[in-house]
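Only one structure is covered here, and it is reproduced in the block below.
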Amino acid sequence: MTRVFIIEDHPVMRQSLRAFLQRQAGIDLCGEAANAETALAEIEQALPDMVLIDVSLPGMSGLELLREIRQRFPDLLCVMLSGHGERSHVDHALMAGARGYILKGDTDELAEALRRVIQGETYLSGLVQNKMSGLTSEE
Amino acid sequence: MFSTNTQHKKQHSPAEIALRQRAEEFQAHFNLTAVGNVQADANSGRFLLVNHAMCEITGYSEAELLERTIWEITDPQDREENERLFSELVRGQLASFELEKRFIRKDRDIRWGVVSVTVAQRDETGRPLRTGAVVLDITRRKQIEESLRQSEERYRQLFEAMNEGFMVGEVICDDAGEPIDYIIREANSAMELVTGRKPEEMIGQRALTVFPNLNREMMIAASRVGLTGEPAEIEGFSPVVRWWYRSNVFSPRPGYFAMVFVDVSERKRAEATLLQMNEELERRVDERTAQVRESEERFRALIDASAQIVWTMDSQGRVVEDSPSWRDFTGRSYEESKDWGWLYALHPADREQTILHWQRAVANSQPMETEFRVHHHSGRWHWMQVRAVPLFDEHDGVRGWVGMNIDIHERKEAEADRERLARSLIMAEQEERRRVSQVLHDDLQQLLYATQMRIAMVSQDLHAAGQRHLTEEIEEARAWLNQCIETTRQMTVDLSPPILKNEGLADALEWLQSQMERRHGLKIALYAEDNFRIADADLRALLFQIVRELLFNVAKHAGVDRAVVELRQVDNRLVIHVADEGCGFELVKIAESKAHKEGFGLFSAQERLRLVGGHMKIISQPGNGTRVIVHAPVQIERKK
């Protein structure tokens, strides 16, 4: 079982994520937080294998939290959730050690992403990949 | 030469001899005299005896004359008179007569002679047989007389033909020898122009009789010339013919004066016109002077009313004269302000700029206009508008300056308020955009995502339960929901790109780069320094929006699919270039078109930039692409 911790500030979104993850085989939801500070405090107790981090968080941003977690828990798998796939965000996230970057709203993709990351791959949302490849080909 | 009837040559008696001797003496005398001497027949007028002088006068020989009568050698013009007198003499009505007459010479020349005729011999009854005449040649005298006559004729013609009036007057004096009148002795026809009287009405008359209104002074002045012989020049006016004349007066002989009148009316009229014009000119100058004085008074009143301070400086721009208004305003004494002391009343931040302006104005002798803050005696700084103009001397050199300061403090404050307000409006707009964007992103979008996830899960359950129809229904709803998500996503980024919230402008532009290509097919070559961050989020958003607007324009109007964006930081300024090689445009036409009024156009962008202290330069020409350079003052934060 993979222990997953959710960091999402919007309660309804958090609730949906929770419902979603609980349905996924092989995934154990070990905790959740609405902001970075709570998350950092709780992760130590929850001992997750993976964290889902909303990029837009109040206070410390999702990216900053990512860096902090990577520093404190280098082995933790970090997957970013975002409403938009700006390249710089994706770049920064990947550079900071994120293993996945997933656009919110695509449930099928989320399930697939979690599975792939657990298997040790790095996953980028399809839309993000498209953007990246488009830019890459241009450069 | 003298011949007599001596047909018989015989011995003569002593008496005869004595007679003959006397006759010979007479003959000799008759011939020798230079005066013509003739005897003629009293009836026929035939010459009976002629002397040598008569032959000389007539050009005939003695023999030729003796064959002729008096009448044959008399000019026809004198013949009738001559015959009348001759016949009266012969009839005894005259004892003798004298006549000036013309002889026709043999060569047809005319000789004048004075002929004295008497009876030389009578018969027994006393009837005249012979006449005797003495002829004196007066041709020379007659010639002189004729030339005199001709000369006088010429003089008379000249006299009459003169355009100038000419008159001669004979002075009449009283007992004391003072002139009281004159008699007009001569006057030519031109005098009629002077006096209005014909010469015949004047000549021989006393002047005061003919002209009772005669100018006495003129009369006395002219008469004095007659009395003293000293010539004079007199000017006067003829009231009769309204004529101005100038007269040279001289004295042809004692007691007489002659005057030539020259019409100087034209000159006088010209002089009068000139005088009139001169008076008119003086009147106008007076009038204008009064106007100028009035204008100056008005101007001064205006200055007093509008300018708080009026001052003067020397040609080098130094205060050399006290300005009470400056003193009152600043509370600084003349001693403190003189030379360059006035600069110390200026706000330190404005001094350098003012000195530069002032030096340039002084160097070029050009009027200066500037604004600076002056320290009011109350302790407050007042913005003042300053105008100075050079005063020129007659050699076009600057002799000094005069200036006035107008207190524009309230205007400046109002302007600053307006700008602050405008700026805060812009910032409020940015704030509002961000707020709406945030609500969309943080709440609505999250709800949509969550709902979408829930629906996805329900869909999965329905699918597993074999509820095909319901699954289709719910998938359709899910597709609509995806559209909603996409729309709100777009709105969020359009309103305020989330990336701007945390990242730098360079990152945002990078994001924009991908957006423009994805949504408009516009490929952007981006050269952006990204080692800094603009501290002011609103300004960051504004600059981002401006670049986005410029790129929209390229996508919409330039007709090309490529553009270049360059972002550089120079000192505390940000410089952004947005360029394309598209069709370009004429700025004027764009400004006139309604396009710029629509939304966030070029000119709106310019205005917004100006309000935050920046500016935008647009370089474009039809067919030659467009380059827009944006300058903005920014506070920079260095990235870690």
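Residue numbering restarts at 1 for every chain of the structure tokens, chains are lettered A, B, ... in their displayed order, and ligands are numbered from 1 as they appear.
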Interface rows for chain B against chain A: nearest pair, Å to one decimal, 8 Å, only C-alpha atoms, as a Markdown table:
| residue | atom | partner | partner_atom | distance |
| --- | --- | --- | --- | --- |
| B:His441 | CA | A:Gly83 | CA | 7.7 |
| B:Asp442 | CA | A:His10 | CA | 7.2 |
| B:Asp443 | CA | A:His10 | CA | 7.1 |
| B:Gln445 | CA | A:Gly83 | CA | 7.8 |
| B:Gln446 | CA | A:Met13 | CA | 5.7 |
| B:Leu447 | CA | A:Val12 | CA | 6.3 |
| B:Leu448 | CA | A:Gly105 | CA | 7.8 |
| B:Tyr449 | CA | A:Gly105 | CA | 4.6 |
| B:Ala450 | CA | A:Met13 | CA | 4.6 |
| B:Thr451 | CA | A:Ser16 | CA | 7.6 |
| B:Gln452 | CA | A:Gly105 | CA | 6.1 |
| B:Met453 | CA | A:Thr107 | CA | 5.7 |
| B:Arg454 | CA | A:Ser16 | CA | 6.3 |
| B:Ala456 | CA | A:Thr107 | CA | 6.6 |
| B:Met457 | CA | A:Phe20 | CA | 7.2 |
| B:Asn482 | CA | A:Gly105 | CA | 7.7 |
| B:Ile485 | CA | A:Gly105 | CA | 7.9 |
| B:Arg489 | CA | A:His84 | CA | 7.2 |
| B:Ile499 | CA | A:Glu86 | CA | 7.5 |
| B:Asp507 | CA | A:Ser88 | CA | 6.4 |
| B:Glu510 | CA | A:Ser88 | CA | 7.6 |
| B:Trp511 | CA | A:Glu86 | CA | 5.9 |
| B:Ser514 | CA | A:Leu135 | CA | 7.2 |
Legend entry - Trp112 (chain B) environment, 6 Å, only C-alpha atoms, sequence neighbours closer than 6 positions dropped, as a PyMOL selection string: chain B and resi 101-102+137-139
Please dump the current selection as a compact mmCIF listing (two decimals), in the first residue's frame; keep C-alpha atoms.
# COMPACT_ATOMS: atom_id res chain seq x y z
CA LYS B 101 11.58 156.80 -97.63
CA ARG B 102 12.99 153.72 -99.25
CA ASP B 137 21.32 157.75 -96.22
CA ILE B 138 19.75 156.47 -92.97
CA THR B 139 19.79 152.78 -93.86
Inset, instruction - Run DSSP on the backbone and give me the residues of region 249-408 of chain B it puts in strand (DSSP E), as JSON, numbers by chain. - result: {"B": [249, 250, 256, 257, 258, 259, 260, 261, 262, 263, 309, 310, 311, 312, 313, 368, 369, 370, 371, 372, 373, 374, 375, 381, 382, 383, 384, 385, 386, 387, 388, 389, 390, 391, 392, 398, 399, 400, 401, 402, 403, 404, 405, 406, 407]}
Dump of N, CA and C atoms for the selected residues, as a short mmCIF file (atom, residue, chain, number, x, y, z; two decimals), in the first residue's frame:
data_model
loop_
_atom_site.label_atom_id
_atom_site.label_comp_id
_atom_site.auth_asym_id
_atom_site.auth_seq_id
_atom_site.Cartn_x
_atom_site.Cartn_y
_atom_site.Cartn_z
N VAL B 249 11.81 140.00 -56.55
CA VAL B 249 11.57 141.43 -56.79
C VAL B 249 12.91 142.12 -57.02
N PHE B 250 12.97 142.87 -58.05
CA PHE B 250 14.18 143.66 -58.30
C PHE B 250 13.78 145.05 -58.82
N TYR B 256 11.12 152.21 -59.21
CA TYR B 256 10.32 151.14 -59.84
C TYR B 256 10.74 149.78 -59.27
N PHE B 257 9.79 148.89 -59.27
CA PHE B 257 10.16 147.52 -58.94
C PHE B 257 9.48 146.59 -59.96
N ALA B 258 10.16 145.50 -60.18
CA ALA B 258 9.58 144.49 -61.08
C ALA B 258 9.45 143.18 -60.28
N MET B 259 8.36 142.50 -60.54
CA MET B 259 8.13 141.25 -59.80
C MET B 259 7.80 140.13 -60.76
N VAL B 260 8.43 139.01 -60.50
CA VAL B 260 8.06 137.80 -61.24
C VAL B 260 7.35 136.88 -60.25
N PHE B 261 6.15 136.50 -60.62
CA PHE B 261 5.38 135.64 -59.69
C PHE B 261 5.47 134.17 -60.13
N VAL B 262 5.94 133.35 -59.23
CA VAL B 262 6.02 131.91 -59.53
C VAL B 262 4.98 131.20 -58.67
N ASP B 263 4.19 130.37 -59.34
CA ASP B 263 3.13 129.65 -58.62
C ASP B 263 3.76 128.54 -57.76
N ILE B 309 5.33 87.22 -7.99
CA ILE B 309 6.66 87.80 -7.88
C ILE B 309 7.08 88.36 -9.25
N VAL B 310 7.58 89.55 -9.22
CA VAL B 310 8.15 90.14 -10.44
C VAL B 310 9.58 90.52 -10.12
N TRP B 311 10.49 90.20 -11.03
CA TRP B 311 11.89 90.46 -10.72
C TRP B 311 12.67 90.85 -11.96
N THR B 312 13.84 91.39 -11.76
CA THR B 312 14.74 91.70 -12.88
C THR B 312 16.12 91.15 -12.55
N MET B 313 16.86 90.87 -13.62
CA MET B 313 18.24 90.42 -13.43
C MET B 313 19.12 91.09 -14.47
N MET B 368 12.86 82.03 -21.15
CA MET B 368 12.93 80.80 -20.37
C MET B 368 11.60 80.57 -19.68
N GLU B 369 11.22 79.31 -19.62
CA GLU B 369 10.03 78.97 -18.86
C GLU B 369 10.34 77.70 -18.10
N THR B 370 10.11 77.73 -16.82
CA THR B 370 10.37 76.53 -16.04
C THR B 370 9.49 76.54 -14.78
N GLU B 371 9.62 75.49 -14.04
CA GLU B 371 8.87 75.41 -12.79
C GLU B 371 9.82 74.98 -11.68
N PHE B 372 9.68 75.59 -10.54
CA PHE B 372 10.46 75.12 -9.40
C PHE B 372 9.73 75.47 -8.10
N ARG B 373 10.23 74.89 -7.05
CA ARG B 373 9.62 75.14 -5.75
C ARG B 373 10.39 76.23 -5.02
N VAL B 374 9.65 77.16 -4.47
CA VAL B 374 10.28 78.27 -3.74
C VAL B 374 9.85 78.18 -2.28
N HIS B 375 10.79 78.49 -1.44
CA HIS B 375 10.51 78.42 -0.01
C HIS B 375 9.77 79.66 0.44
N TRP B 381 6.87 74.89 0.96
CA TRP B 381 7.39 75.00 -0.41
C TRP B 381 6.22 75.28 -1.35
N HIS B 382 6.41 76.22 -2.23
CA HIS B 382 5.37 76.54 -3.22
C HIS B 382 5.89 76.27 -4.61
N TRP B 383 5.14 75.53 -5.37
CA TRP B 383 5.49 75.36 -6.79
C TRP B 383 5.23 76.68 -7.50
N MET B 384 6.18 77.09 -8.31
CA MET B 384 5.99 78.33 -9.07
C MET B 384 6.32 78.10 -10.53
N GLN B 385 5.52 78.75 -11.34
CA GLN B 385 5.84 78.75 -12.76
C GLN B 385 6.63 80.03 -13.01
N VAL B 386 7.74 79.90 -13.70
CA VAL B 386 8.64 81.04 -13.89
C VAL B 386 8.77 81.33 -15.37
N ARG B 387 8.58 82.59 -15.69
CA ARG B 387 8.81 83.00 -17.09
C ARG B 387 9.75 84.18 -17.08
N ALA B 388 10.76 84.12 -17.94
CA ALA B 388 11.70 85.22 -18.02
C ALA B 388 11.96 85.55 -19.49
N VAL B 389 12.02 86.83 -19.78
CA VAL B 389 12.34 87.23 -21.15
C VAL B 389 13.52 88.20 -21.13
N PRO B 390 14.38 88.10 -22.16
CA PRO B 390 15.52 89.02 -22.22
C PRO B 390 15.07 90.42 -22.65
N LEU B 391 15.75 91.42 -22.14
CA LEU B 391 15.51 92.79 -22.59
C LEU B 391 16.69 93.18 -23.47
N PHE B 392 16.40 93.64 -24.66
CA PHE B 392 17.49 93.92 -25.60
C PHE B 392 17.82 95.42 -25.63
N VAL B 398 21.72 91.65 -25.00
CA VAL B 398 20.83 91.53 -23.85
C VAL B 398 21.31 92.47 -22.75
N ARG B 399 20.43 93.36 -22.32
CA ARG B 399 20.85 94.28 -21.27
C ARG B 399 20.33 93.83 -19.92
N GLY B 400 19.43 92.85 -19.95
CA GLY B 400 18.91 92.37 -18.68
C GLY B 400 17.75 91.42 -18.91
N TRP B 401 17.20 90.98 -17.81
CA TRP B 401 16.08 90.06 -17.89
C TRP B 401 14.97 90.53 -16.97
N VAL B 402 13.76 90.26 -17.39
CA VAL B 402 12.64 90.51 -16.52
C VAL B 402 11.84 89.22 -16.43
N GLY B 403 11.40 88.92 -15.24
CA GLY B 403 10.69 87.66 -15.07
C GLY B 403 9.56 87.77 -14.09
N MET B 404 8.67 86.81 -14.16
CA MET B 404 7.60 86.77 -13.17
C MET B 404 7.35 85.33 -12.74
N ASN B 405 6.99 85.20 -11.50
CA ASN B 405 6.68 83.88 -10.96
C ASN B 405 5.20 83.84 -10.60
N ILE B 406 4.59 82.77 -11.01
CA ILE B 406 3.19 82.58 -10.65
C ILE B 406 3.10 81.36 -9.74
N ASP B 407 2.38 81.55 -8.67
CA ASP B 407 2.23 80.45 -7.71
C ASP B 407 1.29 79.41 -8.31
#
Legend entry - Between CA of Asp107 (chain B) and CA of Tyr60 (chain B) - distance in Å to one decimal: 9.0 Å
Legend entry - Backbone DSSP call of helix (DSSP H, G or I) for region 203-433 of chain B, listed as a ChimeraX atom specification: /B:207-210,216-228,265-306,324-330,334-337,341-345,348-364,409-433
Selection from above, C-alpha atoms, as a tab-separated table (two decimals), in the first residue's frame, can you write it?
chain	number	residue	atom	x	y	z
B	207	ALA	CA	-2.63	149.08	-57.17
B	208	LEU	CA	-4.91	149.84	-54.21
B	209	THR	CA	-7.56	151.09	-56.58
B	210	VAL	CA	-7.58	147.91	-58.58
B	216	ARG	CA	-0.05	145.74	-47.50
B	217	GLU	CA	3.03	144.01	-46.27
B	218	MET	CA	3.73	142.65	-49.70
B	219	MET	CA	3.13	146.04	-51.25
B	220	ILE	CA	5.50	147.75	-48.82
B	221	ALA	CA	8.16	145.04	-49.21
B	222	ALA	CA	8.04	145.32	-53.01
B	223	SER	CA	8.06	149.11	-52.89
B	224	ARG	CA	11.17	149.08	-50.70
B	225	VAL	CA	12.95	147.18	-53.44
B	226	GLY	CA	11.99	150.00	-55.79
B	227	LEU	CA	13.29	152.57	-53.33
B	228	THR	CA	16.48	150.86	-52.19
B	265	SER	CA	0.72	126.47	-54.76
B	266	GLU	CA	1.70	122.88	-55.49
B	267	ARG	CA	4.67	123.15	-53.20
B	268	LYS	CA	2.60	125.00	-50.65
B	269	ARG	CA	-0.12	122.39	-50.91
B	270	ALA	CA	2.51	119.66	-50.55
B	271	GLU	CA	3.92	121.52	-47.58
B	272	ALA	CA	0.46	121.91	-46.15
B	273	THR	CA	-0.27	118.23	-46.74
B	274	LEU	CA	3.04	117.38	-45.18
B	275	LEU	CA	2.24	119.57	-42.24
B	276	GLN	CA	-1.17	118.02	-41.96
B	277	MET	CA	0.33	114.55	-42.19
B	278	ASN	CA	2.88	115.48	-39.62
B	279	GLU	CA	0.17	116.73	-37.32
B	280	GLU	CA	-1.81	113.58	-37.98
B	281	LEU	CA	1.28	111.50	-37.25
B	282	GLU	CA	1.90	113.36	-34.05
B	283	ARG	CA	-1.73	112.96	-33.10
B	284	ARG	CA	-1.48	109.22	-33.74
B	285	VAL	CA	1.79	108.96	-31.88
B	286	ASP	CA	0.12	110.70	-28.95
B	287	GLU	CA	-2.85	108.40	-29.27
B	288	ARG	CA	-0.66	105.32	-29.53
B	289	THR	CA	1.48	106.46	-26.64
B	290	ALA	CA	-1.66	106.86	-24.59
B	291	GLN	CA	-2.76	103.38	-25.66
B	292	VAL	CA	0.62	101.93	-24.86
B	293	ARG	CA	0.59	103.65	-21.50
B	294	GLU	CA	-2.89	102.36	-20.88
B	295	SER	CA	-1.90	98.91	-22.11
B	296	GLU	CA	1.17	99.01	-19.92
B	297	GLU	CA	-0.98	100.00	-16.98
B	298	ARG	CA	-3.37	97.18	-17.76
B	299	PHE	CA	-0.44	94.81	-18.22
B	300	ARG	CA	1.06	95.91	-14.95
B	301	ALA	CA	-2.29	95.50	-13.25
B	302	LEU	CA	-2.53	92.05	-14.79
B	303	ILE	CA	0.93	91.13	-13.61
B	304	ASP	CA	0.20	92.53	-10.17
B	305	ALA	CA	-2.97	90.48	-10.14
B	306	SER	CA	-1.52	87.26	-11.55
B	324	PRO	CA	10.01	93.63	-3.06
B	325	SER	CA	7.60	90.91	-4.19
B	326	TRP	CA	10.38	88.28	-4.00
B	327	ARG	CA	11.40	89.61	-0.64
B	328	ASP	CA	7.81	89.49	0.65
B	329	PHE	CA	7.24	85.98	-0.63
B	330	THR	CA	10.45	84.36	0.49
B	334	TYR	CA	17.92	91.66	-0.96
B	335	GLU	CA	21.38	91.01	0.45
B	336	GLU	CA	20.54	87.33	0.76
B	337	SER	CA	19.07	87.11	-2.72
B	341	GLY	CA	21.69	84.12	-3.64
B	342	TRP	CA	18.16	83.65	-4.96
B	343	LEU	CA	19.00	80.04	-5.79
B	344	TYR	CA	19.05	79.24	-2.05
B	345	ALA	CA	15.33	79.98	-1.86
B	348	PRO	CA	17.39	71.73	-3.38
B	349	ALA	CA	15.96	69.14	-5.75
B	350	ASP	CA	15.06	71.83	-8.29
B	351	ARG	CA	18.26	73.88	-8.17
B	352	GLU	CA	20.40	71.95	-10.58
B	353	GLN	CA	17.67	71.80	-13.20
B	354	THR	CA	16.92	75.51	-12.76
B	355	ILE	CA	20.58	76.46	-13.14
B	356	LEU	CA	20.78	74.43	-16.34
B	357	HIS	CA	17.64	76.04	-17.74
B	358	TRP	CA	18.79	79.46	-16.75
B	359	GLN	CA	22.29	79.06	-18.18
B	360	ARG	CA	20.85	77.85	-21.46
B	361	ALA	CA	18.44	80.80	-21.65
B	362	VAL	CA	21.22	83.29	-20.87
B	363	ALA	CA	23.59	81.70	-23.40
B	364	ASN	CA	20.99	81.76	-26.18
B	409	HIS	CA	1.13	75.27	-6.03
B	410	GLU	CA	-2.56	74.46	-6.00
B	411	ARG	CA	-2.50	73.49	-9.64
B	412	LYS	CA	0.50	71.26	-9.03
B	413	GLU	CA	-1.18	69.68	-6.06
B	414	ALA	CA	-4.31	69.12	-8.12
B	415	GLU	CA	-2.23	67.62	-10.91
B	416	ALA	CA	-0.43	65.38	-8.50
B	417	ASP	CA	-3.75	64.40	-6.95
B	418	ARG	CA	-5.14	63.67	-10.36
B	419	GLU	CA	-2.15	61.54	-11.25
B	420	ARG	CA	-2.27	59.77	-7.94
B	421	LEU	CA	-5.95	59.14	-8.48
B	422	ALA	CA	-5.41	57.92	-12.02
B	423	ARG	CA	-2.57	55.72	-10.88
B	424	SER	CA	-4.59	54.36	-8.02
B	425	LEU	CA	-7.42	53.71	-10.46
B	426	ILE	CA	-5.09	51.70	-12.62
B	427	MET	CA	-3.83	49.86	-9.60
B	428	ALA	CA	-7.36	49.35	-8.34
B	429	GLU	CA	-8.21	47.86	-11.67
B	430	GLN	CA	-5.24	45.52	-11.38
B	431	GLU	CA	-6.25	44.68	-7.87
B	432	GLU	CA	-9.78	43.94	-8.95
B	433	ARG	CA	-8.56	41.80	-11.81
